>>> print(open('run24.csv').read())   # CSV, C-alpha atoms
chain,number,residue,atom,x,y,z
U,1,MET,CA,-5.8,52.2,-23.9
U,2,ALA,CA,-2.6,50.4,-22.7
U,3,ALA,CA,-4.7,47.9,-20.7
U,4,MET,CA,-6.2,46.7,-24.0
U,5,ASP,CA,-2.8,45.3,-25.0
U,6,THR,CA,-3.1,42.7,-22.3
U,7,LEU,CA,-6.4,41.3,-23.5
U,8,PRO,CA,-6.3,38.2,-25.8
U,9,PRO,CA,-6.6,38.9,-29.5
U,10,ASP,CA,-10.1,39.6,-30.8
U,11,ARG,CA,-9.8,36.7,-33.2
U,12,ASP,CA,-9.2,34.2,-30.4
U,13,VAL,CA,-12.0,35.6,-28.2
U,14,ALA,CA,-14.4,35.5,-31.1
U,15,ALA,CA,-13.5,31.9,-31.9
U,16,ILE,CA,-14.1,30.7,-28.4
U,17,GLY,CA,-17.3,32.7,-28.1
U,18,LEU,CA,-18.6,30.9,-31.2
U,19,LEU,CA,-18.5,27.6,-29.3
U,20,GLN,CA,-21.0,28.8,-26.7
U,21,ASP,CA,-23.7,27.8,-29.2
U,22,PRO,CA,-24.5,24.1,-28.4
U,23,VAL,CA,-25.0,23.3,-32.1
U,24,ARG,CA,-21.7,24.8,-33.2
U,25,ARG,CA,-20.0,23.1,-30.2
U,26,ALA,CA,-21.4,19.8,-31.3
U,27,LEU,CA,-20.4,20.3,-35.0
U,28,TYR,CA,-16.9,21.3,-34.0
U,29,GLY,CA,-16.7,18.3,-31.7
U,30,HIS,CA,-17.8,15.9,-34.4
U,31,VAL,CA,-15.3,17.2,-37.0
U,32,ALA,CA,-12.4,17.2,-34.5
U,33,ALA,CA,-13.2,13.7,-33.4
U,34,ALA,CA,-13.5,12.4,-37.0
U,35,GLY,CA,-9.8,13.0,-37.4
U,36,GLY,CA,-10.1,13.8,-41.1
U,37,GLU,CA,-12.5,15.4,-43.6
U,38,VAL,CA,-16.2,15.6,-42.9
U,39,SER,CA,-18.9,16.5,-45.4
U,40,ARG,CA,-21.9,18.8,-44.7
U,41,ASN,CA,-24.2,15.8,-44.8
U,42,GLN,CA,-22.2,13.7,-42.4
U,43,ALA,CA,-21.9,16.6,-39.9
U,44,ALA,CA,-25.6,17.4,-40.2
U,45,GLU,CA,-26.5,13.8,-39.6
U,46,ALA,CA,-24.2,13.3,-36.7
U,47,VAL,CA,-25.5,16.4,-34.9
U,48,GLY,CA,-29.2,15.8,-35.9
U,49,ILE,CA,-29.9,19.1,-37.8
U,50,GLN,CA,-30.8,20.1,-41.3
U,51,ARG,CA,-28.0,20.2,-43.9
U,52,GLY,CA,-28.5,23.9,-44.6
U,53,LEU,CA,-28.2,24.8,-41.0
U,54,ALA,CA,-25.1,22.6,-40.6
U,55,ALA,CA,-23.5,24.4,-43.6
U,56,PHE,CA,-24.2,27.8,-42.1
U,57,HIS,CA,-22.6,26.9,-38.8
U,58,LEU,CA,-19.7,25.0,-40.3
U,59,ASP,CA,-18.8,28.0,-42.4
U,60,LYS,CA,-18.9,30.2,-39.3
U,61,LEU,CA,-16.4,27.9,-37.7
U,62,VAL,CA,-14.2,28.2,-40.8
U,63,GLU,CA,-14.4,32.0,-40.7
U,64,ALA,CA,-13.3,31.9,-37.0
U,65,GLY,CA,-10.3,29.8,-37.9
U,66,LEU,CA,-11.5,26.7,-35.9
U,67,LEU,CA,-12.0,24.6,-39.0
U,68,GLU,CA,-10.5,24.5,-42.5
U,69,ALA,CA,-12.6,23.8,-45.6
U,70,SER,CA,-11.6,22.3,-49.0
U,71,PHE,CA,-13.6,21.2,-52.1
U,72,ARG,CA,-13.3,17.7,-53.5
U,73,ARG,CA,-15.5,15.5,-55.7
U,74,LEU,CA,-16.8,12.6,-53.8
U,75,GLY,CA,-17.5,9.3,-55.6
U,76,GLU,CA,-16.2,7.9,-58.8
U,77,ARG,CA,-18.1,9.8,-61.4
U,78,ARG,CA,-16.3,12.4,-63.5
U,79,GLY,CA,-17.4,14.9,-66.2
U,80,PRO,CA,-21.1,16.0,-66.7
U,81,GLY,CA,-23.4,14.5,-64.2
U,82,ALA,CA,-20.6,14.1,-61.6
U,83,GLY,CA,-22.1,17.0,-59.7
U,84,ARG,CA,-20.4,19.8,-57.9
U,85,PRO,CA,-17.5,19.1,-55.7
U,86,ALA,CA,-18.4,18.7,-52.0
U,87,LYS,CA,-17.3,21.1,-49.3
U,88,LEU,CA,-15.3,19.2,-46.7
U,89,TYR,CA,-14.3,20.3,-43.2
U,90,ARG,CA,-11.4,19.4,-41.0
U,91,ARG,CA,-10.0,20.8,-37.8
U,92,ALA,CA,-7.7,23.8,-38.3
U,93,ARG,CA,-4.1,23.3,-37.5
U,94,GLY,CA,-3.7,26.6,-35.7
U,95,GLU,CA,-4.3,26.9,-32.0
U,96,VAL,CA,-6.8,29.2,-30.3
U,97,ALA,CA,-6.1,30.3,-26.8
U,98,ALA,CA,-7.2,33.1,-24.4
U,99,THR,CA,-5.8,33.3,-20.9
U,100,LEU,CA,-6.9,36.0,-18.4
U,101,PRO,CA,-5.0,37.4,-16.7
U,102,PRO,CA,-2.3,37.0,-19.4
U,103,ARG,CA,-0.2,33.9,-18.9
U,104,THR,CA,2.5,32.7,-21.3
U,105,TYR,CA,3.3,29.2,-20.0
U,106,GLU,CA,4.6,28.2,-23.4
U,107,THR,CA,7.4,30.6,-23.2
U,108,ALA,CA,8.4,29.2,-19.9
U,109,ALA,CA,8.0,25.6,-21.2
U,110,ARG,CA,10.3,26.4,-24.1
U,111,LEU,CA,13.0,27.7,-21.9
U,112,LEU,CA,12.7,24.8,-19.5
U,113,ALA,CA,12.8,22.3,-22.4
U,114,GLU,CA,15.9,23.9,-23.9
U,115,THR,CA,17.6,23.8,-20.5
U,116,VAL,CA,16.8,20.1,-20.0
U,117,ASP,CA,18.2,19.5,-23.5
U,118,GLN,CA,21.4,21.5,-22.9
U,119,ALA,CA,21.9,20.0,-19.5
U,120,GLY,CA,21.3,16.5,-20.8
U,121,ALA,CA,18.8,16.0,-18.0
U,122,ASP,CA,16.5,13.8,-20.1
U,123,LEU,CA,16.4,11.0,-17.6
U,124,GLU,CA,15.7,13.3,-14.6
U,125,LEU,CA,12.8,14.8,-16.6
U,126,GLN,CA,11.5,11.3,-17.4
U,127,ALA,CA,11.6,10.3,-13.7
U,128,VAL,CA,9.7,13.5,-12.7
U,129,ALA,CA,7.1,12.9,-15.4
U,130,ARG,CA,6.6,9.2,-14.4
U,131,ARG,CA,6.2,10.2,-10.8
U,132,ALA,CA,3.7,13.0,-11.6
U,133,GLY,CA,1.7,10.6,-13.8
U,134,ARG,CA,1.7,7.9,-11.1
U,135,GLU,CA,0.4,10.4,-8.5
U,136,ALA,CA,-2.3,11.7,-10.9
U,137,GLY,CA,-3.3,8.1,-11.8
U,138,ARG,CA,-3.7,7.1,-8.1
U,139,ARG,CA,-5.9,10.1,-7.3
U,140,LEU,CA,-8.4,9.2,-10.1
U,141,PRO,CA,-11.7,7.6,-9.1
U,142,GLU,CA,-11.0,5.0,-11.7
U,143,ALA,CA,-7.8,3.9,-10.1
U,144,GLY,CA,-7.5,0.2,-9.5
U,145,THR,CA,-10.5,-0.7,-11.7
U,146,GLY,CA,-8.1,-1.5,-14.5
U,147,ALA,CA,-10.9,-1.2,-17.0
U,148,ALA,CA,-10.1,-0.2,-20.6
U,149,PRO,CA,-12.8,2.5,-20.7
U,150,ALA,CA,-11.3,4.1,-17.7
U,151,VAL,CA,-7.9,4.4,-19.4
U,152,GLU,CA,-9.5,5.8,-22.5
U,153,ARG,CA,-11.6,8.3,-20.5
U,154,VAL,CA,-8.5,9.5,-18.5
U,155,LEU,CA,-6.5,10.0,-21.7
U,156,ALA,CA,-9.4,11.8,-23.3
U,157,ALA,CA,-9.8,14.1,-20.2
U,158,ARG,CA,-6.1,15.0,-20.6
U,159,GLY,CA,-6.7,16.1,-24.2
U,160,TYR,CA,-5.1,13.2,-26.1
U,161,GLU,CA,-8.2,12.3,-28.1
U,162,PRO,CA,-7.7,8.5,-28.0
U,163,TYR,CA,-9.1,6.3,-30.8
U,164,HIS,CA,-9.1,2.6,-31.4
U,165,ASP,CA,-6.8,1.1,-34.0
U,166,GLY,CA,-7.2,-2.7,-33.8
U,167,ALA,CA,-5.9,-3.7,-30.3
U,168,THR,CA,-4.2,-0.3,-29.8
U,169,LEU,CA,-5.4,3.0,-28.4
U,170,ARG,CA,-3.8,5.7,-30.5
U,171,LEU,CA,-3.8,9.4,-29.6
U,172,ARG,CA,-5.0,11.8,-32.2
U,173,ASN,CA,-3.9,14.9,-30.4
U,174,CYS,CA,-0.5,15.8,-28.9
U,175,PRO,CA,-1.2,18.1,-26.0
U,176,PHE,CA,2.4,19.4,-26.3
U,177,ALA,CA,2.5,19.7,-30.1
U,178,ASN,CA,4.5,23.0,-30.5
U,179,LEU,CA,7.0,22.1,-27.8
U,180,ALA,CA,7.3,18.5,-29.1
U,181,GLY,CA,8.0,19.9,-32.6
U,182,GLU,CA,10.9,21.9,-31.3
U,183,PHE,CA,12.3,19.5,-28.7
U,184,PRO,CA,11.0,16.1,-29.9
U,185,VAL,CA,13.4,13.8,-28.0
U,186,VAL,CA,13.0,15.6,-24.7
U,187,VAL,CA,9.3,16.2,-24.9
U,188,CYS,CA,8.1,13.0,-26.4
U,189,ALA,CA,10.1,10.9,-23.9
U,190,MET,CA,8.6,13.0,-21.1
U,191,ASN,CA,5.1,12.4,-22.5
U,192,LEU,CA,5.7,8.6,-22.7
U,193,ALA,CA,6.9,8.6,-19.1
U,194,LEU,CA,3.8,10.6,-18.0
U,195,VAL,CA,1.5,8.1,-19.7
U,196,GLU,CA,3.4,5.2,-18.2
U,197,GLY,CA,3.0,6.8,-14.8
U,198,LEU,CA,-0.7,7.3,-15.3
U,199,LEU,CA,-1.2,3.7,-16.2
U,200,GLU,CA,0.8,2.5,-13.2
U,201,GLY,CA,-1.1,4.8,-10.8
U,202,MET,CA,-4.3,3.3,-12.2
U,203,GLY,CA,-3.1,-0.2,-11.5
U,204,GLN,CA,-2.2,-1.0,-15.1
U,205,PRO,CA,1.1,-2.4,-16.4
U,206,PRO,CA,3.0,0.7,-17.5
U,207,GLY,CA,4.5,-1.4,-20.4
U,208,ARG,CA,1.2,-1.0,-22.2
U,209,ALA,CA,2.4,2.4,-23.3
U,210,ALA,CA,4.9,2.5,-26.1
U,211,MET,CA,6.5,5.1,-28.4
U,212,GLU,CA,5.2,4.5,-31.9
U,213,PRO,CA,5.9,7.8,-33.7
U,214,ALA,CA,4.1,8.7,-37.0
U,215,PRO,CA,3.4,12.1,-38.6
U,216,GLY,CA,0.2,13.8,-37.5
U,217,ARG,CA,-0.5,12.2,-34.2
U,218,CYS,CA,0.9,11.8,-30.6
U,219,CYS,CA,3.8,9.4,-30.6
U,220,VAL,CA,2.5,7.4,-27.6
U,221,ALA,CA,0.3,4.3,-28.2
U,222,VAL,CA,-1.4,2.2,-25.5
U,223,ALA,CA,-2.1,-1.5,-25.9
U,224,ASP,CA,-5.8,-1.8,-25.2
U,225,PRO,CA,-6.4,-3.9,-22.1
U,226,SER,CA,-10.0,-4.7,-23.2
U,227,LYS,CA,-8.5,-6.9,-25.9
U,228,ASP,CA,-6.7,-9.1,-23.4
U,229,ASN,CA,-9.5,-11.8,-23.3
U,230,GLU,CA,-10.1,-11.9,-27.0
U,231,ASP,CA,-7.1,-14.0,-28.0
D,1,MET,CA,16.6,15.3,-59.2
D,2,ALA,CA,17.2,18.2,-56.8
D,3,ALA,CA,20.6,19.9,-57.3
D,4,HIS,CA,21.5,19.6,-53.6
D,5,HIS,CA,21.2,17.0,-50.9
D,6,LEU,CA,21.3,17.5,-47.2
D,7,ALA,CA,24.3,16.2,-45.3
D,8,GLN,CA,24.2,15.5,-41.6
D,9,VAL,CA,26.8,14.8,-38.9
D,10,ASN,CA,26.3,14.0,-35.3
D,11,VAL,CA,28.8,13.1,-32.6
D,12,ALA,CA,28.3,11.4,-29.2
D,13,THR,CA,30.6,10.7,-26.3
D,14,LEU,CA,30.2,7.1,-25.0
D,15,ARG,CA,29.6,6.9,-21.2
D,16,PHE,CA,30.8,3.3,-21.1
D,17,PRO,CA,32.8,1.0,-23.5
D,18,LEU,CA,30.8,0.0,-26.6
D,19,ASP,CA,31.2,-3.7,-25.9
D,20,GLY,CA,30.1,-3.4,-22.2
D,21,PRO,CA,26.7,-4.4,-20.8
D,22,GLU,CA,25.7,-0.7,-20.4
D,23,LEU,CA,25.7,-0.2,-24.2
D,24,ALA,CA,24.1,-3.5,-25.0
D,25,GLY,CA,20.7,-1.8,-25.6
D,26,PHE,CA,22.3,0.6,-28.1
D,27,VAL,CA,24.3,-2.0,-29.9
D,28,ALA,CA,21.2,-4.2,-30.3
D,29,GLN,CA,19.4,-1.3,-32.1
D,30,LEU,CA,22.3,-0.5,-34.5
D,31,GLU,CA,21.4,-3.0,-37.2
D,32,PRO,CA,17.6,-2.6,-37.2
D,33,LEU,CA,18.0,1.2,-37.2
D,34,ASN,CA,20.5,1.2,-40.0
D,35,ALA,CA,18.3,-1.1,-42.0
D,36,LEU,CA,15.3,1.3,-41.3
D,37,ALA,CA,17.4,4.2,-42.5
D,38,ASP,CA,18.6,2.5,-45.7
D,39,ALA,CA,15.0,1.8,-46.7
D,40,TYR,CA,13.6,5.1,-45.5
D,41,PRO,CA,12.1,7.5,-48.1
D,42,GLY,CA,14.7,10.1,-49.1
D,43,PHE,CA,17.7,8.2,-47.8
D,44,VAL,CA,20.9,8.7,-50.0
D,45,TRP,CA,24.0,7.6,-48.1
D,46,ARG,CA,25.4,6.9,-44.7
D,47,LEU,CA,29.0,6.6,-43.3
D,48,GLN,CA,29.9,2.9,-42.7
D,49,THR,CA,32.9,0.6,-42.5
D,50,GLU,CA,32.9,-3.0,-43.6
D,51,ASP,CA,31.1,-3.8,-40.3
D,52,GLY,CA,28.0,-2.1,-41.7
D,53,ASP,CA,28.1,0.9,-39.3
D,54,ALA,CA,30.3,3.7,-38.2
D,55,THR,CA,30.9,2.8,-34.6
D,56,SER,CA,34.7,2.0,-35.2
D,57,ILE,CA,35.4,5.5,-36.7
D,58,ARG,CA,36.8,7.7,-34.0
D,59,PRO,CA,38.1,10.8,-35.6
D,60,PHE,CA,38.6,12.9,-32.5
D,61,ASP,CA,41.4,13.0,-29.9
D,62,ASP,CA,38.9,11.8,-27.3
D,63,GLU,CA,38.4,8.2,-28.6
D,64,ARG,CA,35.1,7.9,-26.7
D,65,ILE,CA,33.5,10.2,-29.3
D,66,MET,CA,31.7,8.4,-32.1
D,67,VAL,CA,30.6,9.9,-35.3
D,68,ASN,CA,27.5,9.3,-37.5
D,69,MET,CA,27.1,10.9,-40.9
D,70,SER,CA,24.4,10.6,-43.6
D,71,VAL,CA,23.0,12.3,-46.7
D,72,TRP,CA,19.3,12.8,-47.5
D,73,GLU,CA,17.2,14.1,-50.4
D,74,SER,CA,15.7,16.8,-48.2
D,75,LEU,CA,15.5,18.2,-44.7
D,76,GLU,CA,12.0,16.9,-44.4
D,77,ALA,CA,13.1,13.4,-45.2
D,78,LEU,CA,15.8,13.4,-42.6
D,79,ARG,CA,13.5,15.1,-40.0
D,80,ALA,CA,10.8,12.4,-40.6
D,81,PHE,CA,13.4,9.6,-40.1
D,82,VAL,CA,14.9,11.1,-37.0
D,83,TYR,CA,11.8,12.3,-35.2
D,84,ALA,CA,8.8,10.5,-36.7
D,85,SER,CA,10.1,6.9,-37.0
D,86,ARG,CA,11.2,4.2,-34.5
D,87,HIS,CA,14.5,6.1,-34.4
D,88,LEU,CA,12.8,8.5,-31.8
D,89,ASP,CA,12.1,5.6,-29.5
D,90,VAL,CA,15.8,4.7,-29.4
D,91,MET,CA,16.9,8.4,-29.0
D,92,ARG,CA,14.9,8.7,-25.8
D,93,HIS,CA,17.5,6.5,-24.1
D,94,ARG,CA,20.4,8.6,-25.3
D,95,ARG,CA,21.5,9.8,-21.8
D,96,GLU,CA,21.8,6.2,-20.6
D,97,TRP,CA,24.5,5.7,-23.2
D,98,PHE,CA,26.0,9.0,-24.1
D,99,GLN,CA,27.2,12.2,-22.3
D,100,ARG,CA,25.7,15.5,-23.2
D,101,MET,CA,28.4,17.4,-25.2
D,102,ALA,CA,29.1,21.0,-24.5
D,103,ASP,CA,29.7,21.8,-28.2
D,104,PRO,CA,27.1,21.3,-31.0
D,105,TYR,CA,26.6,17.6,-31.4
D,106,LEU,CA,24.7,17.9,-34.7
D,107,ALA,CA,25.3,19.9,-37.9
D,108,LEU,CA,23.5,20.0,-41.2
D,109,TRP,CA,24.6,21.5,-44.5
D,110,TRP,CA,23.8,21.2,-48.2
D,111,VAL,CA,26.1,19.2,-50.6
D,112,PRO,CA,25.8,18.9,-54.4
D,113,ALA,CA,23.7,15.9,-55.2
D,114,GLY,CA,25.8,12.9,-56.1
D,115,THR,CA,28.6,13.8,-53.7
D,116,VAL,CA,29.2,12.6,-50.2
D,117,PRO,CA,31.0,14.5,-47.4
D,118,THR,CA,34.2,13.3,-45.7
D,119,VAL,CA,34.7,13.0,-42.0
D,120,ALA,CA,37.2,15.8,-42.0
D,121,GLU,CA,34.6,18.1,-43.7
D,122,ALA,CA,32.0,17.1,-41.1
D,123,ARG,CA,34.4,18.1,-38.3
D,124,ASP,CA,34.9,21.5,-40.0
D,125,ARG,CA,31.1,21.9,-40.2
D,126,LEU,CA,30.7,21.2,-36.4
D,127,ASP,CA,33.5,23.6,-35.8
D,128,LEU,CA,31.8,26.3,-38.0
D,129,LEU,CA,28.5,25.9,-36.1
D,130,ALA,CA,30.3,26.2,-32.8
D,131,ARG,CA,32.1,29.3,-33.8
D,132,ARG,CA,29.4,31.2,-35.8
D,133,GLY,CA,26.1,29.7,-34.8
D,134,PRO,CA,23.7,28.5,-37.4
D,135,SER,CA,24.6,29.7,-41.0
D,136,ALA,CA,24.1,28.4,-44.5
D,137,GLY,CA,27.4,26.5,-44.0
D,138,ALA,CA,26.3,24.6,-40.9
D,139,PHE,CA,22.9,24.7,-39.3
D,140,THR,CA,20.5,22.7,-37.1
D,141,PHE,CA,16.9,21.4,-37.3
D,142,ARG,CA,15.7,24.3,-35.1
D,143,ALA,CA,17.4,26.9,-37.3
D,144,PRO,CA,17.4,25.5,-40.9
D,145,PHE,CA,18.7,27.2,-44.0
D,146,PRO,CA,17.2,26.5,-47.5
D,147,ALA,CA,19.2,24.6,-50.2
D,148,PRO,CA,21.3,26.9,-52.5
D,149,ALA,CA,19.3,28.0,-55.5
D,150,GLY,CA,20.1,26.8,-59.0
D,151,ALA,CA,22.3,24.0,-60.2
D,152,ALA,CA,25.2,22.7,-58.1
D,153,ARG,CA,28.6,23.7,-59.1
>>> encode(input="run24.csv", output="structure tokens")
Amino acid sequence: MAAMDTLPPDRDVAAIGLLQDPVRRALYGHVAAAGGEVSRNQAAEAVGIQRGLAAFHLDKLVEAGLLEASFRRLGERRGPGAGRPAKLYRRARGEVAATLPPRTYETAARLLAETVDQAGADLELQAVARRAGREAGRRLPEAGTGAAPAVERVLAARGYEPYHDGATLRLRNCPFANLAGEFPVVVCAMNLALVEGLLEGMGQPPGRAAMEPAPGRCCVAVADPSKDNED
Amino acid sequence: MAAHHLAQVNVATLRFPLDGPELAGFVAQLEPLNALADAYPGFVWRLQTEDGDATSIRPFDDERIMVNMSVWESLEALRAFVYASRHLDVMRHRREWFQRMADPYLALWWVPAGTVPTVAEARDRLDLLARRGPSAGAFTFRAPFPAPAGAAR
């Protein structure tokens, strides 16, 4: 049975398997993109299914550890007649991953980040990240178009989950969250350099990217080029 | 009020003179960053001379080593300021201005609320961390220790 040890944990496999169902996939996608709490009604409406069916699938996603649920009374009314508290869903904080054959890149990343920190090689890492971003940006089919939707699409494809906040594109997800939590200066500066490089490679001014840290999101923000002509 | 507050010291070795062009970017950030800290939730105290900062305090034999000390209501408050405020944007330039130090460059420890640590004590805490690794007497963000239980002596 030793070979079993190298398989991913049952829990992770089950969670990923759940997302094969297109309805569950759509529900998970909607809750994740909302960036906060979503009610059963909102989720059902967004996906275009009945509330009862949405509730069933949402609770399956909670069981699997992909979503977290809480109860809260919506609206102003209190006391009798206020109704039952609503069940609300948000994306779970924990990560789900399964890699076959087993790969533990995070262990390697942690050692490399600690080495950069100890060696004081922040600037070298930033230069490497900027160059890698630039090369990746140049290879994109969108390179040179300079269009705002292109930047947004590219950041989305890299897992940043961009959203609009006035004239700024903010990034809901930090693709390096665990590593950034442990080595914030090294990793967040690397991430900014990577995004600057991507913009440059796509023919955009890299200065559109800036570090604007706040709890609960990626610290990089990108000034939205689509707002240029709206002044 | 909590019985203990968190004290912090960090040291940094200048690569160039503080009044030279290489450090202009750092010097320009001093005042805004100190103002941000003073108003930040959980801030209690920071080391400063009458200039409003601690850049003229050089307590080590190597006079290129600057010291920075502060006290916060909690580890979370200090962590939020250091890593989730504009402070992080300044820190990403640290290697343009400061050498990486071989010994620990940051130490954290708990002090009875209402007291502030001395520079000599901060040196001892850095020394303790270098000799013993993280312990209740001197620890780091990556290996924190909880505040002592009960009232401060």
>>> interface_residues(input="run24.csv", of="chain D", to="chain U", cutoff="6 Å", atoms="all atoms listed in the file", output="ChimeraX atom specification")
/D:84-85,89,92,100
>>> residues_around(input="run24.csv", residues="Pro175 in chain U", least_positions_apart="2", cutoff="9 Å", atoms="only C-alpha atoms", output="list in words")
Arg158, Gly159, Tyr160, Asn173, Ala177, Asn178 and Cys218 of chain U
>>> residues_around(input="run24.csv", residues="range 61-68 of chain U", least_positions_apart="3", cutoff="8 Å", atoms="only C-alpha atoms", output="MDAnalysis selection string")
chainID U and resid 11 14:15 18 24 28 57:58 89:92 94 96
>>> residues_around(input="run24.csv", residues="Gly52 in chain U", least_positions_apart="5", cutoff="12 Å", atoms="all atoms listed in the file", output="compact mmCIF listing (two decimals) with C-alpha atoms, in the coordinates of the input")
# COMPACT_ATOMS: atom_id res chain seq x y z
CA ARG U 40 -21.90 18.80 -44.70
CA ASN U 41 -24.20 15.80 -44.80
CA ALA U 43 -21.90 16.60 -39.90
CA ALA U 44 -25.60 17.40 -40.20
CA GLU U 45 -26.50 13.80 -39.60
CA HIS U 57 -22.60 26.90 -38.80
CA LEU U 58 -19.70 25.00 -40.30
CA ASP U 59 -18.80 28.00 -42.40
>>> closest_residue(input="run24.csv", among="D:Met101, D:Ala107, D:Ala143, D:Ala24", to="Ile65 in chain D", atoms="all atoms listed in the file")
D:Met101
>>> atom_distance(input="run24.csv", atom1="CA of Ala113 in chain U", atom2="CA of Arg142 in chain D")
13.2 Å
>>> atom_distance(input="run24.csv", atom1="CA of Val9 in chain D", atom2="CA of Gly25 in chain D")
22.1 Å
>>> atom_distance(input="run24.csv", atom1="CA of Phe71 in chain U", atom2="CA of Leu88 in chain U")
6.0 Å
>>> closest_residue(input="run24.csv", among="U:Val13, U:Ala54, U:Leu171, U:Leu111", to="Gly35 in chain U", atoms="only C-alpha atoms")
U:Leu171
>>> residues_around(input="run24.csv", residues="Asp103 in chain D", least_positions_apart="4", cutoff="12 Å", atoms="only C-alpha atoms", output="PyMOL selection string")
(chain U and resi 118-119) or (chain D and resi 10-13+99+107+123+126-131+133)
>>> closest_residue(input="run24.csv", among="D:Val67, D:Ala122, D:Ala113, D:Leu88", to="Gln29 in chain D", atoms="all atoms listed in the file")
D:Leu88
>>> closest_residue(input="run24.csv", among="U:Glu200, U:Asp165, U:Asp21, U:Asp224", to="Arg138 in chain U", atoms="all atoms listed in the file")
U:Glu200
>>> closest_residue(input="run24.csv", among="U:Met202, U:Ala86, U:Ala97, U:Leu112", to="Arg139 in chain U", atoms="all atoms listed in the file")
U:Met202
>>> closest_residue(input="run24.csv", among="D:Met66, D:Ala120, D:Val90, D:Val71", to="Val44 in chain D", atoms="only C-alpha atoms")
D:Val71
>>> residues_around(input="run24.csv", residues="Ala54 in chain D", least_positions_apart="6", cutoff="7 Å", atoms="only C-alpha atoms", output="PDB file with C-alpha atoms, keeping the file's coordinate frame")
ATOM      1  CA  LEU D  47      29.000   6.600 -43.300  1.00  0.00           C
ATOM      2  CA  GLN D  48      29.900   2.900 -42.700  1.00  0.00           C
ATOM      3  CA  VAL D  67      30.600   9.900 -35.300  1.00  0.00           C
ATOM      4  CA  ASN D  68      27.500   9.300 -37.500  1.00  0.00           C
TER       5      ASN D  68
END
